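Asks: Data file target05.cif (mmCIF, C-alpha atoms and all ligand atoms) is appended below.
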```cif
data_input
loop_
_atom_site.label_atom_id
_atom_site.label_comp_id
_atom_site.auth_asym_id
_atom_site.auth_seq_id
_atom_site.Cartn_x
_atom_site.Cartn_y
_atom_site.Cartn_z
CA MET A 1 -13.61 -5.83 -50.60
CA ASP A 2 -16.75 -4.55 -48.89
CA VAL A 3 -17.23 -6.84 -45.86
CA ASN A 4 -20.38 -4.98 -44.76
CA LYS A 5 -22.04 -5.63 -48.10
CA TRP A 6 -21.43 -9.39 -47.81
CA ASN A 7 -22.48 -9.42 -44.15
CA GLU A 8 -25.76 -7.88 -45.28
CA HIS A 9 -26.13 -10.35 -48.16
CA SER A 10 -25.87 -13.18 -45.60
CA THR A 11 -29.29 -12.08 -44.24
CA TYR A 12 -31.05 -12.59 -47.62
CA ASP A 13 -33.26 -15.64 -47.92
CA GLY A 14 -32.47 -18.77 -49.94
CA LEU A 15 -29.64 -18.35 -52.44
CA ARG A 16 -30.21 -14.62 -53.00
CA GLY A 17 -27.22 -13.63 -50.85
CA VAL A 18 -24.75 -15.57 -53.02
CA LEU A 19 -26.39 -15.65 -56.47
CA ASP A 20 -28.90 -13.22 -57.98
CA PRO A 21 -30.13 -10.91 -55.17
CA ASN A 22 -33.07 -9.77 -57.33
CA ASP A 23 -34.48 -13.26 -57.70
CA LYS A 24 -37.24 -12.93 -55.11
CA LYS A 25 -39.16 -15.97 -56.36
CA GLY A 26 -36.03 -18.12 -56.06
CA SER A 27 -36.45 -20.29 -59.18
CA LYS A 28 -33.70 -18.61 -61.24
CA ASN A 29 -31.18 -19.17 -58.46
CA ILE A 30 -32.17 -22.84 -58.21
CA LEU A 31 -31.35 -23.18 -61.93
CA LEU A 32 -28.06 -21.22 -61.65
CA ASN A 33 -27.06 -23.40 -58.72
CA GLU A 34 -27.76 -26.56 -60.73
CA ILE A 35 -25.78 -25.26 -63.73
CA HIS A 36 -22.80 -24.35 -61.52
CA TRP A 37 -22.81 -27.62 -59.63
CA ASN A 38 -23.06 -29.76 -62.81
CA ALA A 39 -20.02 -27.97 -64.26
CA ILE A 40 -17.96 -28.25 -61.04
CA LYS A 41 -18.93 -31.87 -60.46
CA GLU A 42 -17.82 -32.89 -63.94
CA GLY A 43 -14.35 -31.47 -63.23
CA LEU A 44 -14.10 -32.94 -59.73
CA GLU A 45 -15.14 -36.41 -60.87
CA LYS A 46 -12.49 -36.44 -63.62
CA ASP A 47 -9.66 -35.73 -61.19
CA PRO A 48 -11.02 -36.12 -57.64
CA PRO A 49 -9.13 -34.14 -55.00
CA LYS A 50 -8.83 -35.55 -51.47
CA ARG A 51 -9.11 -32.15 -49.80
CA LEU A 52 -10.66 -28.99 -51.22
CA LEU A 53 -10.79 -25.40 -50.02
CA ASP A 54 -13.91 -23.47 -51.05
CA PHE A 55 -12.49 -19.94 -51.17
CA GLY A 56 -15.19 -17.32 -50.52
CA CYS A 57 -17.62 -20.11 -49.60
CA GLY A 58 -20.48 -17.78 -48.60
CA ILE A 59 -23.25 -19.78 -46.93
CA GLY A 60 -21.64 -23.02 -48.15
CA ARG A 61 -24.17 -23.72 -50.90
CA LEU A 62 -21.79 -26.23 -52.57
CA ALA A 63 -20.39 -27.75 -49.35
CA ARG A 64 -22.67 -30.75 -48.94
CA ASP A 65 -22.51 -31.75 -52.62
CA ILE A 66 -18.71 -31.58 -52.57
CA SER A 67 -18.37 -33.64 -49.40
CA GLU A 68 -20.81 -36.24 -50.76
CA LEU A 69 -18.22 -36.96 -53.46
CA GLY A 70 -15.92 -38.16 -50.63
CA ILE A 71 -13.86 -34.95 -50.65
CA THR A 72 -12.74 -33.35 -47.35
CA TYR A 73 -14.27 -29.87 -47.41
CA ASN A 74 -13.03 -26.62 -45.84
CA GLY A 75 -14.66 -23.25 -46.51
CA VAL A 76 -13.30 -19.77 -45.82
CA ASP A 77 -14.90 -16.40 -46.31
CA ARG A 78 -13.94 -12.80 -45.63
CA SER A 79 -17.44 -12.09 -44.27
CA PRO A 80 -17.86 -13.34 -40.66
CA GLU A 81 -21.65 -13.24 -41.10
CA MET A 82 -21.52 -15.52 -44.15
CA ILE A 83 -19.45 -17.96 -42.08
CA ARG A 84 -21.86 -17.73 -39.15
CA LYS A 85 -24.77 -18.53 -41.49
CA ALA A 86 -22.85 -21.39 -43.17
CA GLN A 87 -22.17 -22.91 -39.73
CA GLU A 88 -25.83 -22.51 -38.77
CA ILE A 89 -27.11 -24.12 -42.00
CA HIS A 90 -24.66 -27.02 -41.72
CA SER A 91 -24.71 -27.44 -37.95
CA GLY A 92 -24.19 -31.04 -36.92
CA SER A 93 -22.13 -31.84 -40.03
CA MET A 94 -18.35 -32.35 -40.23
CA LEU A 95 -18.05 -29.44 -42.67
CA ASP A 96 -15.49 -26.84 -41.62
CA PHE A 97 -16.15 -23.10 -42.14
CA ARG A 98 -13.69 -20.40 -41.05
CA SER A 99 -13.38 -16.65 -41.27
CA TYR A 100 -10.53 -15.29 -43.33
CA ASP A 101 -8.83 -11.98 -42.45
CA GLY A 102 -8.07 -11.20 -46.11
CA LYS A 103 -4.35 -11.72 -45.59
CA VAL A 104 -3.17 -15.15 -44.48
CA LEU A 105 -5.20 -18.28 -45.13
CA PRO A 106 -5.42 -20.27 -41.88
CA PHE A 107 -3.92 -23.45 -43.36
CA ASP A 108 -0.50 -25.10 -43.73
CA ASP A 109 1.63 -24.88 -46.85
CA GLU A 110 0.78 -27.49 -49.51
CA SER A 111 -2.18 -28.89 -47.58
CA PHE A 112 -4.89 -28.88 -50.31
CA ASP A 113 -5.31 -30.80 -53.57
CA ALA A 114 -7.77 -28.24 -54.93
CA VAL A 115 -9.13 -24.76 -54.33
CA LEU A 116 -12.51 -23.67 -55.69
CA SER A 117 -13.52 -20.06 -56.29
CA CYS A 118 -17.14 -19.67 -57.34
CA GLY A 119 -18.26 -16.11 -57.92
CA VAL A 120 -15.40 -14.64 -55.84
CA PHE A 121 -12.49 -13.76 -58.12
CA GLN A 122 -14.92 -11.74 -60.22
CA TYR A 123 -14.86 -9.17 -57.42
CA LEU A 124 -11.09 -9.34 -56.92
CA VAL A 125 -9.43 -9.59 -60.31
CA GLY A 126 -7.79 -6.29 -61.15
CA THR A 127 -7.75 -5.13 -57.50
CA ALA A 128 -4.75 -4.64 -55.20
CA ASP A 129 -5.95 -7.59 -53.01
CA PHE A 130 -5.76 -10.13 -55.81
CA GLU A 131 -2.00 -10.68 -55.80
CA LEU A 132 -2.01 -11.52 -52.09
CA VAL A 133 -5.01 -13.84 -52.40
CA LEU A 134 -3.40 -15.66 -55.29
CA SER A 135 -0.05 -16.10 -53.53
CA GLU A 136 -1.85 -17.51 -50.48
CA ILE A 137 -3.81 -19.98 -52.63
CA HIS A 138 -0.56 -20.95 -54.34
CA ARG A 139 1.08 -21.53 -50.92
CA ILE A 140 -1.60 -23.85 -49.53
CA LEU A 141 -1.96 -25.92 -52.73
CA LYS A 142 0.10 -29.10 -53.15
CA PRO A 143 2.47 -29.21 -56.13
CA ASP A 144 0.27 -29.58 -59.24
CA GLY A 145 -2.82 -28.77 -57.11
CA GLN A 146 -5.86 -27.51 -59.00
CA LEU A 147 -7.43 -24.07 -58.83
CA ILE A 148 -10.95 -24.38 -60.22
CA MET A 149 -13.16 -21.37 -60.74
CA ILE A 150 -16.56 -20.38 -62.01
CA GLU A 151 -16.59 -16.64 -62.54
CA GLN A 152 -18.37 -14.02 -64.58
CA ALA A 153 -16.55 -12.65 -67.60
CA SER A 154 -17.52 -9.69 -69.67
CA GLY A 155 -18.23 -10.50 -73.29
CA SER A 156 -19.22 -7.23 -74.90
CA GLY A 157 -17.70 -5.04 -72.14
CA ALA A 158 -20.86 -4.45 -70.09
CA THR A 159 -21.31 -5.03 -66.36
CA SER A 160 -24.13 -6.85 -64.61
CA GLY A 161 -26.15 -5.41 -61.74
CA THR A 162 -24.23 -7.44 -59.15
CA VAL A 163 -20.73 -7.51 -60.65
CA GLN A 164 -19.58 -3.98 -61.41
CA ARG A 165 -16.44 -5.07 -63.26
CA THR A 166 -15.65 -5.66 -66.86
CA ALA A 167 -12.94 -8.34 -66.61
CA THR A 168 -12.70 -10.46 -69.72
CA GLU A 169 -11.55 -14.08 -69.72
CA ARG A 170 -8.21 -12.80 -71.00
CA ASP A 171 -7.93 -10.51 -67.93
CA TYR A 172 -8.37 -13.51 -65.63
CA ILE A 173 -5.73 -15.48 -67.51
CA THR A 174 -3.29 -12.57 -67.41
CA ALA A 175 -3.84 -12.25 -63.64
CA LEU A 176 -3.32 -15.99 -63.02
CA VAL A 177 -0.25 -16.67 -65.15
CA PRO A 178 2.58 -17.41 -64.25
CA GLN A 179 1.55 -18.64 -60.77
CA PHE A 180 -0.95 -21.00 -62.43
CA LYS A 181 -1.02 -22.92 -65.69
CA ILE A 182 -4.31 -22.79 -67.56
CA HIS A 183 -5.64 -26.29 -68.18
CA SER A 184 -9.07 -25.66 -69.67
CA THR A 185 -11.76 -23.04 -69.90
CA LYS A 186 -15.36 -23.20 -71.07
CA CYS A 187 -18.53 -21.15 -70.96
CA VAL A 188 -21.27 -22.63 -68.74
CA ARG A 189 -23.94 -19.93 -68.90
CA VAL A 190 -24.62 -16.77 -70.89
CA LYS A 191 -26.50 -13.77 -69.49
CA ASN A 192 -29.79 -14.65 -71.16
CA LEU A 193 -31.29 -18.01 -70.32
CA SER A 194 -33.42 -19.72 -72.98
CA GLU A 195 -36.96 -18.45 -73.49
CA LYS A 196 -38.32 -21.71 -72.12
CA ALA A 197 -36.22 -21.47 -68.94
CA ASN A 198 -37.18 -17.84 -68.49
CA SER A 199 -40.89 -18.44 -68.89
CA MET A 200 -40.79 -21.35 -66.41
CA ILE A 201 -38.84 -19.22 -63.93
CA ARG A 202 -41.44 -16.45 -64.15
CA SER A 203 -44.59 -18.56 -64.42
CA PRO A 204 -46.97 -18.08 -61.47
CA LEU A 205 -48.20 -21.61 -62.18
CA ILE A 206 -44.79 -23.04 -61.24
CA PRO A 207 -43.93 -21.97 -57.69
CA ARG A 208 -40.42 -22.51 -56.33
CA PHE A 209 -41.19 -25.89 -54.71
CA LEU A 210 -42.50 -27.23 -58.07
CA PHE A 211 -39.69 -25.72 -60.12
CA LYS A 212 -37.27 -28.10 -58.40
CA TYR A 213 -38.79 -30.99 -60.37
CA PHE A 214 -37.92 -29.33 -63.71
CA VAL A 215 -34.50 -28.02 -62.85
CA ALA A 216 -32.38 -31.05 -63.85
CA SER A 217 -33.81 -31.21 -67.38
CA LEU A 218 -33.69 -27.41 -67.82
CA ALA A 219 -30.01 -27.38 -66.79
CA LYS A 220 -29.27 -30.13 -69.33
CA GLU A 221 -31.03 -28.13 -72.07
CA GLU A 222 -29.02 -25.03 -71.14
CA LYS A 223 -25.81 -27.06 -71.32
CA ARG A 224 -26.68 -28.29 -74.82
CA ARG A 225 -27.60 -24.74 -75.91
CA ILE A 226 -24.28 -23.29 -74.68
CA LYS A 227 -22.25 -26.17 -76.14
CA ALA A 228 -23.64 -25.38 -79.58
CA MET A 229 -22.43 -21.74 -79.36
CA SER A 230 -19.12 -20.61 -80.79
CA MET A 231 -16.84 -18.43 -78.61
CA GLN A 232 -17.63 -15.53 -80.98
CA GLU A 233 -21.32 -15.92 -80.21
CA VAL A 234 -20.67 -16.21 -76.45
CA ALA A 235 -18.65 -12.98 -76.59
CA THR A 236 -21.64 -11.08 -77.97
CA TYR A 237 -23.40 -11.43 -74.60
CA PRO A 238 -22.76 -8.65 -72.06
CA TYR A 239 -21.47 -11.29 -69.64
CA TYR A 240 -21.25 -15.04 -69.16
CA ASP A 241 -20.09 -17.53 -66.51
CA PHE A 242 -17.07 -19.63 -67.39
CA LEU A 243 -15.43 -22.61 -65.73
CA MET A 244 -11.65 -22.49 -65.70
CA VAL A 245 -9.40 -25.28 -64.45
CA THR A 246 -5.81 -24.34 -63.69
CA ARG A 247 -2.86 -26.02 -62.00
CA LYS A 248 -0.34 -24.58 -59.60
CA SER A 249 2.86 -23.83 -61.42
CA ARG A 250 5.76 -25.50 -59.56
CA ASP A 251 8.38 -23.10 -60.89
CA TRP A 252 6.76 -19.91 -59.66
CA LYS A 253 8.22 -18.42 -56.46
CA LEU A 254 7.34 -15.15 -54.75
CA ASP A 255 9.80 -12.53 -55.88
CA ALA A 256 10.93 -10.03 -53.23
CA ALA A 257 11.48 -7.37 -55.84
CA THR A 258 8.01 -7.53 -57.36
CA SER A 259 5.77 -8.72 -54.54
CA THR A 260 4.53 -6.94 -51.45
CA THR A 261 3.29 -10.24 -50.04
CA LYS A 262 6.65 -12.02 -49.59
CA GLY A 263 6.99 -11.20 -45.88
CA LEU A 264 3.55 -12.50 -45.02
CA ALA A 265 3.69 -15.68 -47.01
CA GLN A 266 7.19 -16.66 -45.89
CA THR A 267 7.18 -15.79 -42.22
CA THR A 268 3.76 -17.06 -41.21
CA THR A 269 2.79 -20.67 -40.73
CA HIS A 270 -0.62 -21.96 -39.72
CA LYS A 271 -1.95 -25.22 -38.49
CA ALA A 272 -4.91 -26.58 -40.41
C1 LIG B 301 -21.23 -14.17 -54.81
S1 LIG B 301 -20.77 -14.80 -53.26
C2 LIG B 301 -20.37 -16.48 -53.70
C3 LIG B 301 -20.35 -17.43 -52.51
C4 LIG B 301 -20.06 -18.88 -52.84
N1 LIG B 301 -18.77 -19.07 -53.45
C5 LIG B 301 -21.11 -19.44 -53.75
O1 LIG B 301 -20.82 -19.66 -54.93
O2 LIG B 301 -22.22 -19.67 -53.29
C6 LIG B 301 -19.15 -14.10 -53.04
C7 LIG B 301 -18.51 -14.46 -51.70
O3 LIG B 301 -17.13 -14.09 -51.76
C8 LIG B 301 -16.76 -13.58 -50.49
N2 LIG B 301 -15.55 -12.77 -50.69
C9 LIG B 301 -15.42 -11.63 -51.39
N3 LIG B 301 -14.14 -11.19 -51.35
C10 LIG B 301 -13.45 -12.10 -50.63
C11 LIG B 301 -12.08 -12.23 -50.25
N4 LIG B 301 -11.17 -11.31 -50.58
N5 LIG B 301 -11.70 -13.30 -49.54
C12 LIG B 301 -12.62 -14.25 -49.17
N6 LIG B 301 -13.93 -14.16 -49.47
C13 LIG B 301 -14.33 -13.11 -50.22
C14 LIG B 301 -17.98 -12.80 -50.03
O4 LIG B 301 -17.98 -12.57 -48.65
C15 LIG B 301 -19.11 -13.72 -50.50
O5 LIG B 301 -19.48 -14.65 -49.50
#
```
Have the structure of the file written as structure tokens, please.
Replies:
Amino acid sequence: MDVNKWNEHSTYDGLRGVLDPNDKKGSKNILLNEIHWNAIKEGLEKDPPKRLLDFGCGIGRLARDISELGITYNGVDRSPEMIRKAQEIHSGSMLDFRSYDGKVLPFDDESFDAVLSCGVFQYLVGTADFELVLSEIHRILKPDGQLIMIEQASGSGATSGTVQRTATERDYITALVPQFKIHSTKCVRVKNLSEKANSMIRSPLIPRFLFKYFVASLAKEEKRRIKAMSMQEVATYPYYDFLMVTRKSRDWKLDAATSTTKGLAQTTTHKA
């Protein structure tokens, strides 16, 4: 993982550092944020966790919304500059943001009901770091705890400008099982937004401050559009965002023979 890259992204304005860095006007990112939050909220409201870890929280764009649902929020990120900015944005709140060294999560075993990864695993799946990250998330989750993610998957095998990987949904599932059981998965956004959304995003007549008034209805229209698509149609897009809900598998234990992370996970304890 390139810490310098994410430190630099933390200096971008608005949501550009954590969503589309090319969206200078800012309207597209407002819509993406709304689409992500609607999908996450739906899952959280169905089975509300008491305490949630936002893994790779960035500037904490989802922190306030999550805590307003009555959920105790903790955020960690590998980039110290993202954490510094998150703390600055949310100064005066009870929200907790901490740096993560990429090895051991600074929390006790079985201390979270849910972990959220939004736009983070897409950079890790298929890398050597992923096994360690996953075993740490498994360790801090309570039995049956949820791992919820919104990540980019490749449909037709292409990469996007920001995510230079071609992981398919199947690749994510293969990487998560057997530590986690897959509960549900659904597409929440395809690469191309509707023509209407695109023209409103680009229109010089609708500046960013005005766009906010249209975003709720546009997000609802996008949801309806995606819902009407078959998985075959979704897979024709170069990439799409999907929401996956998984549960910690109780039976899975770190295996000394197959894991390089056993020593770390078993000999280190942390206070939350
Ligand atoms: C695209 S941003 C998403 C931020 C946030 N989740 C959001 O949705 O707004 C990806 C974030 O993942 C963080 N990240 C990347 N690799 C990580 C790792 N191995 N452990 C923790 N954070 C990581 C980056 O520093 C960056 O803040």
Asks: Would you list the contacts of region 69-82 of chain A as a ChimeraX atom specification, taking every protein, DNA or RNA residue within 6 Å and counting all atoms listed in the file, but skipping same-chain residues closer than 4 positions in sequence?
Replies: /A:3,6-7,10,50-59,96-100
Asks: Calculated over only C-alpha atoms and all ligand atoms, which of the candidates A:Glu68, A:Asp171, A:Asp101, A:Glu34 has the smallest distance to ligand LIG 301 (chain B)?
Replies: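 Of A:Glu68, A:Asp171, A:Asp101, A:Glu34, the one nearest ligand LIG 301 (chain B), counting only C-alpha atoms and all ligand atoms, is A:Asp101.
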Asks: Using only C-alpha atoms, which residue out of A:Tyr123, A:Phe211, A:Tyr240, A:Trp252 lies closest to Leu193 (chain A)?
Replies: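 Once distances to Leu193 (chain A) are computed over only C-alpha atoms, the minimum belongs to A:Tyr240.
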Asks: Between CA of His36 (chain A) and CA of Met1 (chain A), what is the distance, to one decimal in Å?
Replies: 23.4 Å
Asks: Could you state the separation of CA of Tyr213 (chain A) and CA of Ser27 (chain A) in Å, given to one decimal place?
Replies: 11.0 Å
Asks: So, with only C-alpha atoms as the atoms that count, which of A:Ile137, A:Leu132, A:Leu95, A:Val188 lies closest to Ala114 (chain A)?
Replies: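 Of A:Ile137, A:Leu132, A:Leu95, A:Val188, the one nearest Ala114 (chain A) is A:Ile137, counting only C-alpha atoms.
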Asks: Would you compute the distance between CA of Asn29 (chain A) and CA of Arg16 (chain A)? Give it in Å to one decimal.
Replies: 7.2 Å
Asks: Restricting the calculation to only C-alpha atoms and all ligand atoms, which member of A:Thr127, A:Gln87, A:Asn38, A:Ser93 is positioned closest to ligand LIG 301 (chain B)?
Replies: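 Closest to ligand LIG 301 (chain B) of all the choices is A:Thr127.
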